[in-house]
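Participant: Have a peek at work_5.txt (compact mmCIF, C-alpha atoms).
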```
# COMPACT_ATOMS: atom_id res chain seq x y z
CA MET A 8 -29.48 28.06 11.75
CA ILE A 9 -30.70 29.78 14.90
CA ALA A 10 -33.85 31.86 14.53
CA THR A 11 -35.42 34.11 17.12
CA ILE A 12 -38.98 35.29 17.59
CA ALA A 13 -40.17 38.18 19.75
CA LEU A 14 -43.78 38.66 20.79
CA ALA A 15 -44.56 42.29 21.41
CA SER A 16 -47.43 44.65 22.10
CA THR A 17 -45.33 47.80 21.79
CA SER A 18 -44.84 50.29 18.99
CA LEU A 19 -42.05 49.75 16.50
CA ALA A 20 -38.62 50.70 17.74
CA ALA A 21 -36.87 53.77 16.40
CA GLY A 22 -35.10 53.09 13.15
CA SER A 23 -37.55 50.44 11.91
CA SER A 24 -39.05 50.85 8.46
CA VAL A 25 -42.75 50.90 7.68
CA SER A 26 -44.08 50.08 4.23
CA CYS A 27 -47.13 51.69 2.66
CA VAL A 28 -48.28 48.31 1.36
CA SER A 29 -51.63 47.30 2.81
CA ARG A 30 -51.68 44.48 5.35
CA GLY A 31 -53.66 41.33 4.61
CA LYS A 32 -55.61 39.30 7.14
CA MET A 33 -55.62 35.59 7.90
CA CYS A 34 -59.09 34.09 7.64
CA GLU A 35 -60.94 32.39 10.48
CA HIS A 36 -64.14 31.25 8.80
CA ALA A 37 -65.19 30.15 5.31
CA SER A 38 -67.63 33.07 5.24
CA GLU A 39 -64.62 35.39 4.80
CA CYS A 40 -63.53 33.59 1.61
CA GLY A 41 -66.53 33.88 -0.67
CA ALA A 42 -66.72 30.74 -2.81
CA SER A 43 -63.47 29.37 -1.34
CA SER A 44 -62.68 27.62 1.94
CA CYS A 45 -60.59 28.80 4.87
CA VAL A 46 -57.71 26.33 5.35
CA ALA A 47 -54.88 27.03 7.83
CA GLY A 48 -55.70 30.74 7.84
CA ARG A 49 -55.79 31.17 4.06
CA CYS A 50 -58.65 31.26 1.56
CA GLN A 51 -58.20 28.18 -0.63
CA PRO A 52 -60.12 27.12 -3.76
CA ASP A 53 -62.59 24.33 -3.06
CA ALA A 54 -61.36 22.43 -6.12
CA GLY A 55 -58.24 20.38 -5.49
CA THR A 56 -56.32 19.40 -2.35
CA PRO A 57 -54.85 22.11 -0.07
CA MET A 58 -51.05 21.99 -0.09
CA VAL A 59 -50.90 21.62 3.70
CA ASP A 60 -52.73 18.29 3.34
CA THR A 61 -49.93 16.84 1.20
CA ALA A 62 -46.96 18.49 2.97
CA ARG A 63 -44.85 17.19 5.85
CA ARG A 64 -45.53 19.00 9.13
CA LEU A 65 -42.67 19.97 11.45
CA VAL A 66 -43.11 21.52 14.90
CA VAL A 67 -40.04 23.28 16.32
CA GLU A 68 -39.86 23.96 20.07
CA PRO A 69 -37.94 27.02 21.33
CA VAL A 70 -34.55 26.48 22.93
CA ASP A 71 -34.60 29.83 24.77
CA VAL A 72 -37.46 31.97 26.12
CA ALA A 73 -37.57 35.41 27.74
CA TYR A 74 -40.37 37.81 28.67
CA VAL A 75 -39.70 41.55 28.95
CA PHE A 76 -42.13 44.25 30.12
CA PRO A 77 -42.10 47.74 31.71
CA GLY A 78 -41.02 47.74 35.34
CA GLN A 79 -39.32 44.39 35.05
CA GLY A 80 -36.65 43.72 37.62
CA GLU A 81 -33.26 42.41 36.61
CA GLY A 82 -32.99 38.64 36.83
CA GLU A 83 -36.71 37.98 37.26
CA PRO A 84 -37.62 34.34 36.48
CA LEU A 85 -39.64 33.46 33.42
CA PRO A 86 -43.38 33.55 34.17
CA ALA A 87 -45.70 30.82 32.89
CA ILE A 88 -47.93 33.29 31.05
CA ALA A 89 -47.42 36.37 28.85
CA ILE A 90 -50.12 39.03 28.41
CA LEU A 91 -50.30 40.50 24.89
CA GLY A 92 -52.54 43.22 23.55
CA GLN A 93 -53.00 45.10 26.84
CA GLY A 94 -49.84 47.13 27.33
CA PRO A 95 -46.22 47.06 26.22
CA ALA A 96 -44.63 43.62 26.60
CA ARG A 97 -42.33 41.36 24.64
CA VAL A 98 -41.48 37.66 24.64
CA LEU A 99 -38.27 36.45 23.02
CA LEU A 100 -37.92 32.93 21.65
CA ARG A 101 -34.95 31.19 20.06
CA PHE A 102 -35.39 28.18 17.77
CA ALA A 103 -32.74 25.78 16.48
CA LEU A 104 -34.26 25.08 13.07
CA PRO A 105 -33.89 21.91 11.03
CA SER A 106 -32.47 22.14 7.51
CA LEU A 107 -34.44 24.60 5.39
CA GLU A 108 -33.54 22.92 2.11
CA PRO A 109 -37.09 21.55 1.50
CA ASP A 110 -39.64 23.91 -0.01
CA ILE A 111 -41.62 25.66 2.72
CA VAL A 112 -45.31 25.47 1.89
CA GLU A 113 -46.51 27.23 5.04
CA ALA A 114 -44.93 28.56 8.23
CA TYR A 115 -46.69 29.80 11.37
CA VAL A 116 -45.85 30.96 14.85
CA VAL A 117 -48.42 29.10 16.96
CA LEU A 118 -49.46 30.59 20.29
CA GLN A 119 -51.77 28.95 22.79
CA ARG A 120 -54.25 30.99 24.79
CA VAL A 121 -54.83 30.08 28.42
CA ASP A 122 -57.72 30.79 30.79
CA VAL A 123 -60.15 30.78 27.86
CA ARG A 124 -63.52 31.43 29.50
CA SER A 125 -65.77 33.64 27.41
CA ASP A 126 -66.31 34.92 23.88
CA GLU A 127 -67.10 38.33 25.43
CA VAL A 128 -63.38 39.09 25.87
CA PRO A 129 -62.49 42.00 23.51
CA PRO A 130 -60.42 40.90 20.49
CA VAL A 131 -56.80 41.83 19.86
CA SER A 132 -54.89 41.56 16.58
CA LEU A 133 -51.30 40.44 16.04
CA HIS A 134 -48.88 40.41 13.15
CA VAL A 135 -45.22 39.51 12.67
CA ASP A 136 -42.33 41.88 11.92
CA ARG A 137 -38.72 41.10 11.07
CA ILE A 138 -36.00 41.64 13.69
CA VAL A 139 -32.97 43.32 12.07
CA GLU A 140 -30.59 43.62 15.03
CA PRO A 141 -28.65 41.01 17.04
CA TRP A 142 -29.88 40.28 20.57
CA SER A 143 -29.52 37.69 23.31
CA SER A 144 -31.90 36.64 26.07
CA ARG A 145 -29.04 37.04 28.56
CA SER A 146 -28.84 40.78 27.93
CA THR A 147 -32.21 41.78 26.47
CA ARG A 148 -34.70 43.41 28.81
CA TRP A 149 -37.34 46.11 28.57
CA GLY A 150 -35.97 49.22 26.83
CA LEU A 151 -33.07 47.28 25.32
CA GLY A 152 -34.96 45.28 22.74
CA PRO A 153 -33.81 44.89 19.12
CA ARG A 154 -34.97 47.00 16.17
CA VAL A 155 -37.63 45.58 13.88
CA GLU A 156 -38.76 46.09 10.28
CA ASP A 157 -42.44 46.06 9.31
CA VAL A 158 -42.76 43.83 6.23
CA ARG A 159 -46.58 44.09 6.12
CA ALA A 160 -47.15 40.49 7.14
CA PRO A 161 -50.81 39.45 7.48
CA LEU A 162 -52.54 40.09 10.78
CA THR A 163 -54.46 37.60 12.86
CA VAL A 164 -57.49 38.75 14.84
CA VAL A 165 -57.63 36.91 18.17
CA THR A 166 -61.12 36.68 19.61
CA GLY A 167 -62.26 35.50 23.00
CA SER A 168 -63.96 32.44 21.55
CA PRO A 169 -63.37 29.50 23.92
CA ASP A 170 -63.28 27.04 21.01
CA ARG A 171 -60.23 28.73 19.42
CA PRO A 172 -57.36 28.41 21.92
CA LEU A 173 -54.66 28.10 19.22
CA VAL A 174 -53.54 31.23 17.38
CA ARG A 175 -51.56 31.00 14.14
CA LEU A 176 -49.47 33.91 12.85
CA ASP A 177 -48.29 33.85 9.25
CA VAL A 178 -44.47 33.86 8.88
CA ARG A 179 -44.20 32.00 5.57
CA ASP A 180 -42.57 34.75 3.50
CA LEU A 181 -40.15 35.64 6.30
CA VAL A 182 -39.06 32.05 6.95
CA ARG A 183 -38.61 31.35 3.24
CA LYS A 184 -36.01 34.13 3.13
CA TRP A 185 -33.95 32.58 5.94
CA LYS A 186 -32.18 30.40 3.37
CA ALA A 187 -30.45 33.54 2.10
CA ARG A 188 -28.62 33.87 5.46
CA ASP A 189 -29.01 37.66 5.53
CA PRO A 190 -27.02 38.75 8.62
CA ARG A 191 -29.75 41.28 9.44
CA ASP A 192 -32.26 38.46 9.98
CA GLN A 193 -32.22 38.03 13.74
CA GLY A 194 -35.72 36.67 14.21
CA LEU A 195 -39.35 37.73 14.18
CA ALA A 196 -41.43 40.14 16.26
CA VAL A 197 -45.13 39.57 16.89
CA VAL A 198 -46.74 42.98 17.36
CA SER A 199 -50.17 43.94 18.65
CA ASP A 200 -52.11 46.12 16.18
CA GLN A 201 -55.31 46.31 18.23
CA ARG A 202 -55.39 46.30 22.02
CA SER A 203 -58.06 45.72 24.63
CA SER A 204 -58.35 46.68 28.30
CA SER A 205 -57.72 43.10 29.39
CA GLY A 206 -55.35 41.82 26.71
CA MET A 207 -55.01 38.08 26.28
CA ALA A 208 -52.94 35.49 28.09
CA PHE A 209 -50.67 33.10 26.19
CA ALA A 210 -48.73 30.16 27.58
CA LEU A 211 -44.95 30.40 27.78
CA VAL A 212 -44.51 26.90 29.26
CA ALA A 213 -46.44 23.62 29.18
CA GLY A 214 -49.35 23.49 31.59
CA ALA A 215 -49.52 27.27 32.05
CA GLY A 216 -52.69 28.54 33.70
CA LEU A 217 -53.81 25.19 35.05
CA THR A 218 -55.35 24.98 38.52
CA PRO A 219 -56.50 22.04 40.67
CA GLU A 220 -60.00 22.71 39.34
CA THR A 221 -58.96 22.37 35.70
CA GLY A 222 -56.70 19.35 36.20
CA SER A 223 -53.07 18.53 36.85
CA ALA A 224 -50.26 19.97 34.79
CA GLU A 225 -48.99 16.45 34.17
CA HIS A 226 -52.30 15.43 32.63
CA HIS A 227 -52.73 18.51 30.47
CA ALA A 228 -49.14 19.38 29.50
CA ALA A 229 -49.68 17.79 26.10
CA TYR A 230 -52.57 20.16 25.46
CA ILE A 231 -51.26 23.43 26.92
CA ARG A 232 -47.78 24.42 25.82
CA GLY A 233 -45.73 27.45 24.94
CA PRO A 234 -45.11 28.99 21.50
CA VAL A 235 -43.84 26.82 18.66
CA LEU A 236 -42.86 27.27 15.03
CA GLU A 237 -45.04 25.15 12.73
CA LEU A 238 -43.62 24.34 9.29
CA TYR A 239 -45.18 22.55 6.35
CA VAL A 240 -42.51 21.40 3.87
CA LYS A 241 -42.31 19.48 0.61
```
Translate the structure of the given file into structure tokens.
Facilitator:
Amino acid sequence: MIATIALASTSLAAGSSVSCVSRGKMCEHASECGASSCVAGRCQPDAGTPMVDTARRLVVEPVDVAYVFPGQGEGEPLPAIAILGQGPARVLLRFALPSLEPDIVEAYVVLQRVDVRSDEVPPVSLHVDRIVEPWSSRSTRWGLGPRVEDVRAPLTVVTGSPDRPLVRLDVRDLVRKWKARDPRDQGLAVVSDQRSSSGMAFALVAGAGLTPETGSAEHHAAYIRGPVLELYVK
């Protein structure tokens, strides 16, 4: 199965549906969970072992990447960094997924921030929508993106904290439905709910944002990489 993910900081396209169901929020600290603990973005009871600790972890790399934004010229090469939460922009990713027969305990789109310098950077928030229209990186560009459907997936607040370079976006319920092979399922769209004047930079390729002062790309490629799909399965 081929799945596609689009990162966006634009409004929903015309024709998308919006539910009145309230949107949850992924936790960052135990203080948000009362008597429970915050594990992998969810409030978990302190008694017992979190399911992610007993599940098998799979990390799926994208097989296709594109970045679209206003004013983009035709045929522009893929940049190393995408800015989300500042103005309209969209990144498209295609994943060749392994078999989805095992039970999916958790599923996340994992983004990596780059140029993390200060916790004074204004926060942005992201959530994931469902893409319900076919598209291809060869023909998709700004203004020609696919339609999406808001399924009220939980949001993730991304702060400027330098000790939190990895950002996880909850796609568990969406990925679990991929087994049904609904032809309308053409991927996922990560949308910015809250913007800032600066936005935030996320790596599209390994080593993005590195300079001679921070070290060589060869040395740090294992630590700075583009978006991935993280699955926990039983």
Participant: Please list as an MDAnalysis selection string every residue within 8 Å of Arg175 of chain A, counting all atoms listed in the file and excluding residues in the same chain fewer than 4 positions away.
Facilitator: chainID A and resid 48 115:118 163
Participant: Would you save the residues of that selection, restricted to C-alpha atoms, as a PDB file, in the coordinates of the input?
Facilitator:
```
ATOM      1  CA  GLY A  48     -55.700  30.740   7.840  1.00  0.00           C
ATOM      2  CA  TYR A 115     -46.690  29.800  11.370  1.00  0.00           C
ATOM      3  CA  VAL A 116     -45.850  30.960  14.850  1.00  0.00           C
ATOM      4  CA  VAL A 117     -48.420  29.100  16.960  1.00  0.00           C
ATOM      5  CA  LEU A 118     -49.460  30.590  20.290  1.00  0.00           C
ATOM      6  CA  THR A 163     -54.460  37.600  12.860  1.00  0.00           C
TER       7      THR A 163
END
```
Participant: Quick one: of A:Val131, A:Ala89, A:Leu236, A:Ala37, who's nearest to Leu162 of chain A, counting all atoms listed in the file?
Facilitator: A:Val131
Participant: Return the single residue from A:Cys45, A:Val240, A:Leu91, A:Leu99 that is closest to Gln201 of chain A, with distances computed using all atoms listed in the file.
Facilitator: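 For Gln201 of chain A, the nearest of the candidates is A:Leu91.
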Participant: Could you state the separation of atom CA of Leu211 of chain A and atom CA of Val72 of chain A in Å, given to one decimal place?
Facilitator: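 Taking atom CA of Leu211 of chain A as the start and atom CA of Val72 of chain A as the end point, the length is 7.8 Å.
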Participant: Rounded to one decimal in Å, what is the spacing between atom CA of Leu181 of chain A and atom CA of His134 of chain A?
Facilitator: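 That distance, rounded to one decimal, is 12.1 Å.
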Participant: Kindly indicate which residue among A:Gly194, A:Pro153, A:Pro129, A:Pro77 lies nearest to Gly94 of chain A, using all atoms listed in the file for the distances.
Facilitator: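 Counting all atoms listed in the file, the residue closest to Gly94 of chain A is A:Pro77.
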Participant: Quick one: everything within 12 Å of Cys34 of chain A, counting all atoms listed in the file, minus sequence neighbours fewer than 3 positions away in the same chain. Send it as a PyMOL selection string.
Facilitator: chain A and resi 31+37-41+43-51+161-165+174-177
Participant: Quick one: write out the picked residues with C-alpha atoms as a PDB file, keeping the file's coordinate frame?
Facilitator:
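So selection.pdb came out as:
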```pdb
ATOM      1  CA  GLY A  31     -53.660  41.330   4.610  1.00  0.00           C
ATOM      2  CA  ALA A  37     -65.190  30.150   5.310  1.00  0.00           C
ATOM      3  CA  SER A  38     -67.630  33.070   5.240  1.00  0.00           C
ATOM      4  CA  GLU A  39     -64.620  35.390   4.800  1.00  0.00           C
ATOM      5  CA  CYS A  40     -63.530  33.590   1.610  1.00  0.00           C
ATOM      6  CA  GLY A  41     -66.530  33.880  -0.670  1.00  0.00           C
ATOM      7  CA  SER A  43     -63.470  29.370  -1.340  1.00  0.00           C
ATOM      8  CA  SER A  44     -62.680  27.620   1.940  1.00  0.00           C
ATOM      9  CA  CYS A  45     -60.590  28.800   4.870  1.00  0.00           C
ATOM     10  CA  VAL A  46     -57.710  26.330   5.350  1.00  0.00           C
ATOM     11  CA  ALA A  47     -54.880  27.030   7.830  1.00  0.00           C
ATOM     12  CA  GLY A  48     -55.700  30.740   7.840  1.00  0.00           C
ATOM     13  CA  ARG A  49     -55.790  31.170   4.060  1.00  0.00           C
ATOM     14  CA  CYS A  50     -58.650  31.260   1.560  1.00  0.00           C
ATOM     15  CA  GLN A  51     -58.200  28.180  -0.630  1.00  0.00           C
ATOM     16  CA  PRO A 161     -50.810  39.450   7.480  1.00  0.00           C
ATOM     17  CA  LEU A 162     -52.540  40.090  10.780  1.00  0.00           C
ATOM     18  CA  THR A 163     -54.460  37.600  12.860  1.00  0.00           C
ATOM     19  CA  VAL A 164     -57.490  38.750  14.840  1.00  0.00           C
ATOM     20  CA  VAL A 165     -57.630  36.910  18.170  1.00  0.00           C
ATOM     21  CA  VAL A 174     -53.540  31.230  17.380  1.00  0.00           C
ATOM     22  CA  ARG A 175     -51.560  31.000  14.140  1.00  0.00           C
ATOM     23  CA  LEU A 176     -49.470  33.910  12.850  1.00  0.00           C
ATOM     24  CA  ASP A 177     -48.290  33.850   9.250  1.00  0.00           C
TER      25      ASP A 177
END
```
Participant: Which residue is closest to Val182 of chain A? Choose from A:Gly214, A:Pro109, A:Gly80, A:Gly150 and count all atoms listed in the file.
Facilitator: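 Using all atoms listed in the file, Val182 of chain A sits closest to A:Pro109.
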Participant: Need the shell around Leu238 of chain A: protein/DNA/RNA residues with any atom at most 6 Å away, counting only C-alpha atoms. Skip same-chain ones fewer than 5 positions apart. Format as a VMD selection string?
Facilitator: chain A and resid 64 to 65 113 to 114
Participant: Of the residues A:Ala103, A:Val121, A:Val59, A:Ile111, which is the one nearest to Ala208 of chain A, using all atoms listed in the file?
Facilitator: A:Val121
Participant: Enter the distance from atom CA of Met207 of chain A to atom CA of Thr166 of chain A, in Å, rounded to one decimal.
Facilitator: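 That distance, rounded to one decimal, is 9.2 Å.
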